[in-house]
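Here the structure is laid out as structure tokens; the discussion comes afterwards.
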Amino acid sequence: MKKSTVLLLAAGLMSACAMIDPEKPREIPEETMTTVPMDGLARLLSTLPIGPSQMKEVADAVGSSSGNGYDEEYTMKQLFASPGSGVGDMPSKAVSYDTPLRDLIESAVRSGTKGLSGEDYGDPEDYLRDLSSSDLQIYWPYAQAWDGSSAPVITYDPGDDSDANMGYVIGGGEIVVTEEVARERPVWVINRNSDAGYTSLELLRREDPSWGSGGGEVIVRPRASATTDIRTLVIKSMKVERQYDSWFAGGAEFFFKCGAVENFKASTEAELRLYQPTITDFMIVVQRSQIGQDIPLGALLVSEWTKSLTSCGFMIVEDDGGSQTTWKCSAVVKYNSKSYGFEVELPLRSRDDIVWRGQVTRSFVEKYSGAPVSFGEMSLVMELI
């Protein structure tokens, strides 16, 4: 599924997020093509004797992914390696199911049910190997509304930004599926995963005991300081007004990237040259059911918002892939009544759609602290505490 990215540059950031050398930007996984057709896998699944056990398995997996800060997804890699586990689960997590979905797939492929699905799998072992190592997944939008018994319609991402596609009914039959249909009855969409390689904000919170639980709390605690003019800038919440991509592609992953000059305390112009910006990032997945809703974050942006900070570079991008490039921007600090800029290169990709970018000044942040502010079709509530 496609991703959206929020890139933030803030002078003075101190964060427990993964720090990245700006000269060696974080490598972004390249989009890989699978050799297993999505439409063929959808037809195959619709021919299987999927029952309550398999539906619960998929529900468990997408629920676990969602709880870990990802979309409602169940990757083929996890389906084969650890049935019922979601993106972000530990490899040791194991759930017992009477007949895992992988067993039904393997049995169908090896027994030659290609006549039912219309697919030619070639060598069954090659097909199963390619499928289990592919980037394909079952995406279940609005899974939280499932009644616990209704069987799904199975479809796939047509890849052309369509709003409708053919869906296959388990046991036979076809219907046209739209997002409205997916709201009313379970629909499994075969699409490609693109967020499992990233660490969500939820998982980052679990990795560091000094991080809070979100929901309005600061996720990274500021260090104790004797200086009384230091405040901390956090994002309390966010709201996204619309999705940018076809619903078949899933929800949106927003990456908050921060470039910063840490702990700025230069006392001479020579010391200014000793400061090198750093970059940190974290990911927030906005599921389609969350569009238009206030989503609590409690995410720290600048831990030491001192009087020397005068502006931040800010960019909101919807990530649509492509080759990696960078955006050069600067943060400004004031020393001895003079302003100094620090240039930072923030990584993005060539097909990204820029929603908003520019500079956010100190006076702007102070004026709108605690109030929702629109950045394109996203609003953020930032607060100085």
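In the structure tokens, chains take letters A, B, ... by order of appearance, with residues numbered from 1 within each chain and ligands from 1 in the order shown.
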
Quiz item: Using only C-alpha atoms, which residues sit within 6 Å of range 187-194 of chain A once same-chain residues fewer than 3 positions away are excluded, as number ranges by chain?
Solution: A: 1, 38, 135-140, 152-157, 182

Take the residues from that selection and write them out as a tab-separated table (two decimals), in the first residue's frame, keeping all heavy atoms.
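Okay, selection-v1.tsv is ready:
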chain	number	residue	atom	x	y	z
A	1	MET	N	0.83	-1.17	0.00
A	1	MET	CA	0.00	0.00	0.00
A	1	MET	C	0.88	1.23	0.00
A	1	MET	O	2.01	1.22	0.42
A	1	MET	CB	-0.93	0.01	1.21
A	1	MET	CG	-0.25	-0.02	2.53
A	1	MET	SD	-1.41	-0.37	3.86
A	1	MET	CE	-1.85	-2.05	3.43
A	38	MET	N	-1.59	-10.93	-8.11
A	38	MET	CA	-2.55	-10.66	-7.05
A	38	MET	C	-3.93	-11.20	-7.39
A	38	MET	O	-4.62	-11.75	-6.52
A	38	MET	CB	-2.62	-9.16	-6.77
A	38	MET	CG	-1.41	-8.61	-6.05
A	38	MET	SD	-1.60	-6.88	-5.54
A	38	MET	CE	-1.40	-6.05	-7.12
A	135	ASP	N	5.87	-9.96	-1.24
A	135	ASP	CA	5.38	-8.83	-0.46
A	135	ASP	C	3.86	-8.73	-0.49
A	135	ASP	O	3.30	-7.70	-0.12
A	135	ASP	CB	6.00	-7.52	-0.97
A	135	ASP	CG	5.69	-7.27	-2.44
A	135	ASP	OD1	5.09	-8.15	-3.08
A	135	ASP	OD2	6.06	-6.20	-2.96
A	136	LEU	N	3.20	-9.80	-0.90
A	136	LEU	CA	1.74	-9.79	-0.91
A	136	LEU	C	1.18	-9.97	0.49
A	136	LEU	O	1.83	-10.51	1.38
A	136	LEU	CB	1.21	-10.90	-1.82
A	136	LEU	CG	1.54	-10.80	-3.31
A	136	LEU	CD1	0.85	-11.89	-4.10
A	136	LEU	CD2	1.16	-9.42	-3.85
A	137	GLN	N	-0.06	-9.53	0.68
A	137	GLN	CA	-0.70	-9.63	1.98
A	137	GLN	C	-2.21	-9.61	1.81
A	137	GLN	O	-2.73	-9.25	0.75
A	137	GLN	CB	-0.28	-8.49	2.89
A	137	GLN	CG	-0.73	-7.12	2.38
A	137	GLN	CD	-0.31	-5.99	3.29
A	137	GLN	OE1	0.46	-6.16	4.22
A	137	GLN	NE2	-0.82	-4.79	3.03
A	138	ILE	N	-2.90	-9.99	2.87
A	138	ILE	CA	-4.35	-9.81	2.96
A	138	ILE	C	-4.59	-8.52	3.74
A	138	ILE	O	-4.17	-8.39	4.89
A	138	ILE	CB	-5.02	-11.00	3.68
A	138	ILE	CG1	-4.84	-12.29	2.89
A	138	ILE	CG2	-6.51	-10.72	3.89
A	138	ILE	CD1	-5.33	-13.53	3.64
A	139	TYR	N	-5.23	-7.57	3.09
A	139	TYR	CA	-5.60	-6.32	3.74
A	139	TYR	C	-7.10	-6.36	4.00
A	139	TYR	O	-7.89	-6.61	3.10
A	139	TYR	CB	-5.22	-5.14	2.84
A	139	TYR	CG	-5.87	-3.82	3.23
A	139	TYR	CD1	-5.71	-3.28	4.50
A	139	TYR	CD2	-6.63	-3.11	2.30
A	139	TYR	CE1	-6.31	-2.08	4.85
A	139	TYR	CE2	-7.23	-1.91	2.64
A	139	TYR	CZ	-7.07	-1.40	3.91
A	139	TYR	OH	-7.66	-0.21	4.25
A	140	TRP	N	-7.50	-6.12	5.25
A	140	TRP	CA	-8.90	-6.23	5.64
A	140	TRP	C	-9.37	-4.88	6.18
A	140	TRP	O	-9.33	-4.63	7.38
A	140	TRP	CB	-9.07	-7.31	6.71
A	140	TRP	CG	-10.49	-7.67	7.04
A	140	TRP	CD1	-11.62	-6.99	6.68
A	140	TRP	CD2	-10.92	-8.79	7.82
A	140	TRP	NE1	-12.73	-7.62	7.18
A	140	TRP	CE2	-12.34	-8.73	7.88
A	140	TRP	CE3	-10.25	-9.84	8.46
A	140	TRP	CZ2	-13.10	-9.67	8.57
A	140	TRP	CZ3	-11.01	-10.78	9.15
A	140	TRP	CH2	-12.41	-10.69	9.19
A	152	PRO	N	-15.81	-13.55	4.08
A	152	PRO	CA	-15.38	-12.40	3.29
A	152	PRO	C	-15.57	-12.59	1.79
A	152	PRO	O	-15.61	-13.72	1.29
A	152	PRO	CB	-13.89	-12.31	3.62
A	152	PRO	CG	-13.49	-13.74	3.83
A	152	PRO	CD	-14.67	-14.39	4.50
A	153	VAL	N	-15.68	-11.46	1.10
A	153	VAL	CA	-15.50	-11.41	-0.34
A	153	VAL	C	-14.03	-11.12	-0.57
A	153	VAL	O	-13.42	-10.33	0.16
A	153	VAL	CB	-16.37	-10.31	-0.98
A	153	VAL	CG1	-16.10	-10.19	-2.47
A	153	VAL	CG2	-17.84	-10.59	-0.72
A	154	ILE	N	-13.42	-11.75	-1.56
A	154	ILE	CA	-11.98	-11.60	-1.77
A	154	ILE	C	-11.73	-10.90	-3.10
A	154	ILE	O	-12.24	-11.31	-4.15
A	154	ILE	CB	-11.28	-12.97	-1.74
A	154	ILE	CG1	-11.57	-13.66	-0.40
A	154	ILE	CG2	-9.76	-12.80	-1.92
A	154	ILE	CD1	-11.02	-15.07	-0.30
A	155	THR	N	-10.95	-9.83	-3.06
A	155	THR	CA	-10.63	-9.07	-4.25
A	155	THR	C	-9.15	-8.73	-4.23
A	155	THR	O	-8.38	-9.27	-3.42
A	155	THR	CB	-11.50	-7.80	-4.34
A	155	THR	OG1	-11.27	-7.15	-5.61
A	155	THR	CG2	-11.17	-6.82	-3.22
A	156	TYR	N	-8.71	-7.84	-5.10
A	156	TYR	CA	-7.29	-7.48	-5.19
A	156	TYR	C	-7.17	-6.03	-5.65
A	156	TYR	O	-8.13	-5.43	-6.16
A	156	TYR	CB	-6.55	-8.41	-6.16
A	156	TYR	CG	-7.08	-8.35	-7.58
A	156	TYR	CD1	-6.51	-7.51	-8.53
A	156	TYR	CD2	-8.17	-9.13	-7.96
A	156	TYR	CE1	-7.01	-7.45	-9.83
A	156	TYR	CE2	-8.68	-9.09	-9.25
A	156	TYR	CZ	-8.09	-8.24	-10.18
A	156	TYR	OH	-8.60	-8.18	-11.47
A	157	ASP	N	-6.01	-5.48	-5.43
A	157	ASP	CA	-5.74	-4.10	-5.83
A	157	ASP	C	-5.51	-4.06	-7.34
A	157	ASP	O	-4.52	-4.61	-7.83
A	157	ASP	CB	-4.50	-3.58	-5.09
A	157	ASP	CG	-4.14	-2.14	-5.45
A	157	ASP	OD1	-4.91	-1.50	-6.20
A	157	ASP	OD2	-3.10	-1.66	-4.97
A	182	ALA	N	-17.11	-2.67	1.47
A	182	ALA	CA	-16.17	-3.10	2.51
A	182	ALA	C	-16.56	-2.58	3.89
A	182	ALA	O	-16.17	-3.17	4.90
A	182	ALA	CB	-14.75	-2.63	2.16

Quiz item: Could you name the residues that touch Glu72 in chain A at 10 Å or less, counting only C-alpha atoms, but leaving out those on the same chain fewer than 2 positions away, as a PyMOL selection string?
Solution: chain A and resi 58-59+61-67+69-70+74+86-87+138-144+250-251+285+287-288

Exercise. From a DSSP calculation on the backbone, collect every residue of range 32-152 of chain A in helix (DSSP H, G or I) and output the set as a PyMOL selection string.
Key: chain A and resi 38-47+52-67+76-81+101-111+114-117+124-132+143-145

As a compact mmCIF listing (two decimals) with all heavy atoms, in the first residue's frame, please: every residue in range 25-250 of chain A that DSSP puts in strand (DSSP E or B).
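Done, and the output landed in out-v4.txt:
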# COMPACT_ATOMS: atom_id res chain seq x y z
N GLU A 73 -3.47 -5.63 8.27
CA GLU A 73 -2.80 -6.42 7.24
C GLU A 73 -2.24 -7.72 7.81
O GLU A 73 -1.88 -7.81 8.98
CB GLU A 73 -1.68 -5.59 6.61
CG GLU A 73 -0.68 -5.06 7.63
CD GLU A 73 0.15 -3.89 7.13
OE1 GLU A 73 -0.25 -3.22 6.17
OE2 GLU A 73 1.22 -3.64 7.74
N TYR A 74 -2.17 -8.71 6.92
CA TYR A 74 -1.66 -10.04 7.26
C TYR A 74 -0.77 -10.46 6.10
O TYR A 74 -1.26 -10.83 5.04
CB TYR A 74 -2.84 -11.00 7.44
CG TYR A 74 -2.51 -12.39 7.93
CD1 TYR A 74 -1.32 -12.70 8.59
CD2 TYR A 74 -3.44 -13.42 7.75
CE1 TYR A 74 -1.06 -13.98 9.05
CE2 TYR A 74 -3.20 -14.71 8.21
CZ TYR A 74 -2.00 -14.98 8.86
OH TYR A 74 -1.75 -16.27 9.32
N THR A 75 0.53 -10.38 6.29
CA THR A 75 1.46 -10.64 5.19
C THR A 75 1.57 -12.13 4.90
O THR A 75 1.40 -12.97 5.79
CB THR A 75 2.86 -10.08 5.50
OG1 THR A 75 3.43 -10.83 6.58
CG2 THR A 75 2.80 -8.60 5.86
N LEU A 136 3.20 -9.80 -0.90
CA LEU A 136 1.74 -9.79 -0.91
C LEU A 136 1.18 -9.97 0.49
O LEU A 136 1.83 -10.51 1.38
CB LEU A 136 1.21 -10.90 -1.82
CG LEU A 136 1.54 -10.80 -3.31
CD1 LEU A 136 0.85 -11.89 -4.10
CD2 LEU A 136 1.16 -9.42 -3.85
N GLN A 137 -0.06 -9.53 0.68
CA GLN A 137 -0.70 -9.63 1.98
C GLN A 137 -2.21 -9.61 1.81
O GLN A 137 -2.73 -9.25 0.75
CB GLN A 137 -0.28 -8.49 2.89
CG GLN A 137 -0.73 -7.12 2.38
CD GLN A 137 -0.31 -5.99 3.29
OE1 GLN A 137 0.46 -6.16 4.22
NE2 GLN A 137 -0.82 -4.79 3.03
N ILE A 138 -2.90 -9.99 2.87
CA ILE A 138 -4.35 -9.81 2.96
C ILE A 138 -4.59 -8.52 3.74
O ILE A 138 -4.17 -8.39 4.89
CB ILE A 138 -5.02 -11.00 3.68
CG1 ILE A 138 -4.84 -12.29 2.89
CG2 ILE A 138 -6.51 -10.72 3.89
CD1 ILE A 138 -5.33 -13.53 3.64
N TYR A 139 -5.23 -7.57 3.09
CA TYR A 139 -5.60 -6.32 3.74
C TYR A 139 -7.10 -6.36 4.00
O TYR A 139 -7.89 -6.61 3.10
CB TYR A 139 -5.22 -5.14 2.84
CG TYR A 139 -5.87 -3.82 3.23
CD1 TYR A 139 -5.71 -3.28 4.50
CD2 TYR A 139 -6.63 -3.11 2.30
CE1 TYR A 139 -6.31 -2.08 4.85
CE2 TYR A 139 -7.23 -1.91 2.64
CZ TYR A 139 -7.07 -1.40 3.91
OH TYR A 139 -7.66 -0.21 4.25
N VAL A 153 -15.68 -11.46 1.10
CA VAL A 153 -15.50 -11.41 -0.34
C VAL A 153 -14.03 -11.12 -0.57
O VAL A 153 -13.42 -10.33 0.16
CB VAL A 153 -16.37 -10.31 -0.98
CG1 VAL A 153 -16.10 -10.19 -2.47
CG2 VAL A 153 -17.84 -10.59 -0.72
N ILE A 154 -13.42 -11.75 -1.56
CA ILE A 154 -11.98 -11.60 -1.77
C ILE A 154 -11.73 -10.90 -3.10
O ILE A 154 -12.24 -11.31 -4.15
CB ILE A 154 -11.28 -12.97 -1.74
CG1 ILE A 154 -11.57 -13.66 -0.40
CG2 ILE A 154 -9.76 -12.80 -1.92
CD1 ILE A 154 -11.02 -15.07 -0.30
N THR A 155 -10.95 -9.83 -3.06
CA THR A 155 -10.63 -9.07 -4.25
C THR A 155 -9.15 -8.73 -4.23
O THR A 155 -8.38 -9.27 -3.42
CB THR A 155 -11.50 -7.80 -4.34
OG1 THR A 155 -11.27 -7.15 -5.61
CG2 THR A 155 -11.17 -6.82 -3.22
N TYR A 156 -8.71 -7.84 -5.10
CA TYR A 156 -7.29 -7.48 -5.19
C TYR A 156 -7.17 -6.03 -5.65
O TYR A 156 -8.13 -5.43 -6.16
CB TYR A 156 -6.55 -8.41 -6.16
CG TYR A 156 -7.08 -8.35 -7.58
CD1 TYR A 156 -6.51 -7.51 -8.53
CD2 TYR A 156 -8.17 -9.13 -7.96
CE1 TYR A 156 -7.01 -7.45 -9.83
CE2 TYR A 156 -8.68 -9.09 -9.25
CZ TYR A 156 -8.09 -8.24 -10.18
OH TYR A 156 -8.60 -8.18 -11.47
N ASN A 165 -13.82 -2.95 -8.09
CA ASN A 165 -13.16 -4.09 -8.71
C ASN A 165 -14.03 -5.33 -8.50
O ASN A 165 -14.94 -5.33 -7.67
CB ASN A 165 -11.77 -4.32 -8.10
CG ASN A 165 -10.92 -5.26 -8.94
OD1 ASN A 165 -11.15 -5.42 -10.14
ND2 ASN A 165 -9.94 -5.89 -8.31
N MET A 166 -13.73 -6.38 -9.25
CA MET A 166 -14.47 -7.62 -9.10
C MET A 166 -14.05 -8.33 -7.83
O MET A 166 -12.87 -8.42 -7.51
CB MET A 166 -14.22 -8.53 -10.30
CG MET A 166 -15.15 -9.73 -10.35
SD MET A 166 -16.89 -9.23 -10.46
CE MET A 166 -16.90 -8.38 -12.06
N GLY A 167 -15.02 -8.81 -7.08
CA GLY A 167 -14.75 -9.57 -5.88
C GLY A 167 -15.28 -10.98 -6.01
O GLY A 167 -16.32 -11.22 -6.64
N TYR A 168 -14.54 -11.93 -5.43
CA TYR A 168 -14.88 -13.35 -5.55
C TYR A 168 -15.49 -13.83 -4.23
O TYR A 168 -14.91 -13.67 -3.16
CB TYR A 168 -13.64 -14.15 -5.90
CG TYR A 168 -12.92 -13.62 -7.11
CD1 TYR A 168 -11.72 -12.92 -6.99
CD2 TYR A 168 -13.46 -13.78 -8.39
CE1 TYR A 168 -11.06 -12.42 -8.09
CE2 TYR A 168 -12.82 -13.26 -9.51
CZ TYR A 168 -11.62 -12.58 -9.35
OH TYR A 168 -10.98 -12.06 -10.46
N VAL A 169 -16.67 -14.40 -4.36
CA VAL A 169 -17.38 -14.92 -3.20
C VAL A 169 -16.89 -16.33 -2.91
O VAL A 169 -16.76 -17.16 -3.82
CB VAL A 169 -18.90 -14.93 -3.44
CG1 VAL A 169 -19.64 -15.49 -2.22
CG2 VAL A 169 -19.39 -13.53 -3.78
N GLU A 174 -19.45 -13.91 -8.17
CA GLU A 174 -18.68 -12.68 -8.22
C GLU A 174 -19.60 -11.50 -7.96
O GLU A 174 -20.77 -11.52 -8.35
CB GLU A 174 -18.00 -12.51 -9.59
CG GLU A 174 -17.01 -13.60 -9.94
CD GLU A 174 -16.40 -13.41 -11.32
OE1 GLU A 174 -16.87 -12.49 -12.04
OE2 GLU A 174 -15.46 -14.15 -11.66
N ILE A 175 -19.06 -10.48 -7.31
CA ILE A 175 -19.79 -9.23 -7.12
C ILE A 175 -18.80 -8.08 -7.30
O ILE A 175 -17.58 -8.26 -7.20
CB ILE A 175 -20.44 -9.13 -5.73
CG1 ILE A 175 -19.36 -9.07 -4.62
CG2 ILE A 175 -21.41 -10.27 -5.49
CD1 ILE A 175 -19.93 -8.73 -3.26
N VAL A 176 -19.32 -6.91 -7.58
CA VAL A 176 -18.49 -5.71 -7.65
C VAL A 176 -18.31 -5.17 -6.23
O VAL A 176 -19.28 -4.99 -5.49
CB VAL A 176 -19.14 -4.64 -8.55
CG1 VAL A 176 -18.33 -3.36 -8.52
CG2 VAL A 176 -19.25 -5.16 -9.98
N VAL A 177 -17.07 -4.92 -5.86
CA VAL A 177 -16.79 -4.40 -4.52
C VAL A 177 -16.28 -2.97 -4.60
O VAL A 177 -15.50 -2.61 -5.47
CB VAL A 177 -15.77 -5.28 -3.76
CG1 VAL A 177 -16.37 -6.61 -3.40
CG2 VAL A 177 -14.50 -5.47 -4.56
N VAL A 187 -14.39 -7.71 3.52
CA VAL A 187 -13.72 -7.79 2.22
C VAL A 187 -12.23 -7.94 2.47
O VAL A 187 -11.63 -7.12 3.17
CB VAL A 187 -13.99 -6.54 1.35
CG1 VAL A 187 -13.15 -6.60 0.08
CG2 VAL A 187 -15.46 -6.42 1.00
N TRP A 188 -11.66 -9.00 1.92
CA TRP A 188 -10.20 -9.18 1.97
C TRP A 188 -9.62 -8.71 0.65
O TRP A 188 -10.05 -9.17 -0.42
CB TRP A 188 -9.83 -10.64 2.19
CG TRP A 188 -10.23 -11.19 3.53
CD1 TRP A 188 -10.81 -10.52 4.57
CD2 TRP A 188 -10.09 -12.55 3.97
NE1 TRP A 188 -11.02 -11.37 5.63
CE2 TRP A 188 -10.59 -12.62 5.29
CE3 TRP A 188 -9.57 -13.70 3.37
CZ2 TRP A 188 -10.60 -13.81 6.03
CZ3 TRP A 188 -9.58 -14.89 4.10
CH2 TRP A 188 -10.08 -14.94 5.41
N VAL A 189 -8.65 -7.82 0.73
CA VAL A 189 -8.00 -7.28 -0.47
C VAL A 189 -6.58 -7.83 -0.54
O VAL A 189 -5.81 -7.69 0.41
CB VAL A 189 -7.96 -5.74 -0.45
CG1 VAL A 189 -7.31 -5.21 -1.72
CG2 VAL A 189 -9.36 -5.16 -0.27
N ILE A 190 -6.24 -8.46 -1.65
CA ILE A 190 -4.85 -8.86 -1.87
C ILE A 190 -4.12 -7.65 -2.43
O ILE A 190 -4.45 -7.16 -3.51
CB ILE A 190 -4.76 -10.05 -2.85
CG1 ILE A 190 -5.57 -11.24 -2.34
CG2 ILE A 190 -3.29 -10.45 -3.04
CD1 ILE A 190 -5.18 -11.75 -0.98
N ASN A 191 -3.16 -7.16 -1.68
CA ASN A 191 -2.34 -6.05 -2.18
C ASN A 191 -0.90 -6.25 -1.71
O ASN A 191 -0.54 -7.32 -1.21
CB ASN A 191 -2.91 -4.70 -1.77
CG ASN A 191 -2.90 -4.46 -0.26
OD1 ASN A 191 -2.24 -5.17 0.50
ND2 ASN A 191 -3.63 -3.45 0.18
N ARG A 192 -0.09 -5.25 -1.89
CA ARG A 192 1.33 -5.36 -1.57
C ARG A 192 1.64 -4.61 -0.29
O ARG A 192 1.14 -3.52 -0.06
CB ARG A 192 2.17 -4.81 -2.72
CG ARG A 192 2.04 -5.60 -4.01
CD ARG A 192 2.75 -4.92 -5.16
NE ARG A 192 4.16 -4.71 -4.85
CZ ARG A 192 4.92 -3.82 -5.50
NH1 ARG A 192 4.40 -3.05 -6.41
NH2 ARG A 192 6.19 -3.71 -5.18
N SER A 200 7.03 1.24 13.69
CA SER A 200 5.96 2.18 14.00
C SER A 200 6.25 2.92 15.30
O SER A 200 7.07 2.49 16.12
CB SER A 200 4.62 1.44 14.12
OG SER A 200 4.62 0.62 15.28
N ARG A 231 11.55 24.97 27.04
CA ARG A 231 10.26 24.32 26.96
C ARG A 231 10.36 23.16 25.97
O ARG A 231 11.36 23.00 25.28
CB ARG A 231 9.17 25.31 26.53
CG ARG A 231 8.83 26.31 27.63
CD ARG A 231 7.75 27.27 27.18
NE ARG A 231 8.25 28.22 26.21
CZ ARG A 231 7.47 29.11 25.58
NH1 ARG A 231 6.16 29.15 25.84
NH2 ARG A 231 7.99 29.95 24.71
N THR A 232 9.33 22.35 25.92
CA THR A 232 9.31 21.17 25.06
C THR A 232 8.15 21.27 24.09
O THR A 232 7.02 21.57 24.49
CB THR A 232 9.16 19.89 25.91
OG1 THR A 232 10.28 19.79 26.79
CG2 THR A 232 9.10 18.66 25.02
N LEU A 233 8.42 21.03 22.81
CA LEU A 233 7.38 21.09 21.78
C LEU A 233 6.93 19.68 21.43
O LEU A 233 7.76 18.82 21.10
CB LEU A 233 7.91 21.79 20.52
CG LEU A 233 6.93 21.90 19.35
CD1 LEU A 233 5.74 22.78 19.73
CD2 LEU A 233 7.64 22.46 18.12
N VAL A 234 5.63 19.43 21.53
CA VAL A 234 5.08 18.11 21.22
C VAL A 234 3.94 18.25 20.22
O VAL A 234 3.33 19.32 20.09
CB VAL A 234 4.57 17.39 22.48
CG1 VAL A 234 5.65 17.20 23.50
CG2 VAL A 234 3.39 18.15 23.09
N ILE A 235 3.67 17.16 19.50
CA ILE A 235 2.44 17.06 18.73
C ILE A 235 1.44 16.30 19.60
O ILE A 235 1.65 15.13 19.90
CB ILE A 235 2.64 16.31 17.40
CG1 ILE A 235 3.58 17.07 16.49
CG2 ILE A 235 1.30 16.12 16.70
CD1 ILE A 235 3.81 16.38 15.15
N LYS A 236 0.39 16.97 20.01
CA LYS A 236 -0.61 16.32 20.86
C LYS A 236 -1.51 15.39 20.04
O LYS A 236 -1.89 14.32 20.49
CB LYS A 236 -1.47 17.36 21.57
CG LYS A 236 -0.73 18.14 22.66
CD LYS A 236 -1.71 18.92 23.50
CE LYS A 236 -2.65 18.00 24.27
NZ LYS A 236 -3.58 18.77 25.15
N SER A 237 -1.89 15.86 18.83
CA SER A 237 -2.80 15.06 18.02
C SER A 237 -2.69 15.46 16.56
O SER A 237 -2.11 16.50 16.23
CB SER A 237 -4.25 15.22 18.50
OG SER A 237 -4.68 16.56 18.32
N MET A 238 -3.27 14.63 15.70
CA MET A 238 -3.31 14.92 14.27
C MET A 238 -4.68 14.52 13.74
O MET A 238 -5.38 13.68 14.31
CB MET A 238 -2.21 14.15 13.52
CG MET A 238 -2.38 12.63 13.53
SD MET A 238 -1.01 11.75 12.73
CE MET A 238 -1.27 12.22 11.02
N LYS A 239 -5.05 15.13 12.61
CA LYS A 239 -6.29 14.76 11.92
C LYS A 239 -6.02 14.84 10.43
O LYS A 239 -5.50 15.84 9.93
CB LYS A 239 -7.44 15.70 12.29
CG LYS A 239 -8.75 15.37 11.58
CD LYS A 239 -9.80 16.45 11.77
CE LYS A 239 -10.29 16.50 13.20
NZ LYS A 239 -11.43 17.47 13.36
N VAL A 240 -6.37 13.78 9.73
CA VAL A 240 -6.20 13.73 8.27
C VAL A 240 -7.59 13.81 7.65
O VAL A 240 -8.49 13.04 8.03
CB VAL A 240 -5.48 12.43 7.84
CG1 VAL A 240 -5.28 12.41 6.34
CG2 VAL A 240 -4.15 12.30 8.56

Exercise. Identify, on the basis of only C-alpha atoms, every residue whose closest approach to Leu128 in chain A does not exceed 8 Å; exclude the query and any residue fewer than 4 positions from it along the same chain; express the result as a PyMOL selection string.
Key: chain A and resi 106+109+124+132

Quiz prompt | Distance of CA of Ala299 in chain A from CA of Glu207 in chain A, expressed in Å to one decimal place | solution =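 It comes out at 15.0 Å.
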
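With distances restricted to only C-alpha atoms, A:Ser162 is the closest residue to Ala249 in chain A from A:Ser162, A:Ser150, A:Ser46, A:Ser53.
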
Quiz item: What does the distance between CA of Gly358 in chain A and CA of Glu304 in chain A come to in Å, to one decimal place?
Solution: 21.5 Å

Quiz item: What is the distance, in Å and to one decimal place, between CA of Trp146 in chain A and CA of Arg185 in chain A?
Solution: 7.4 Å
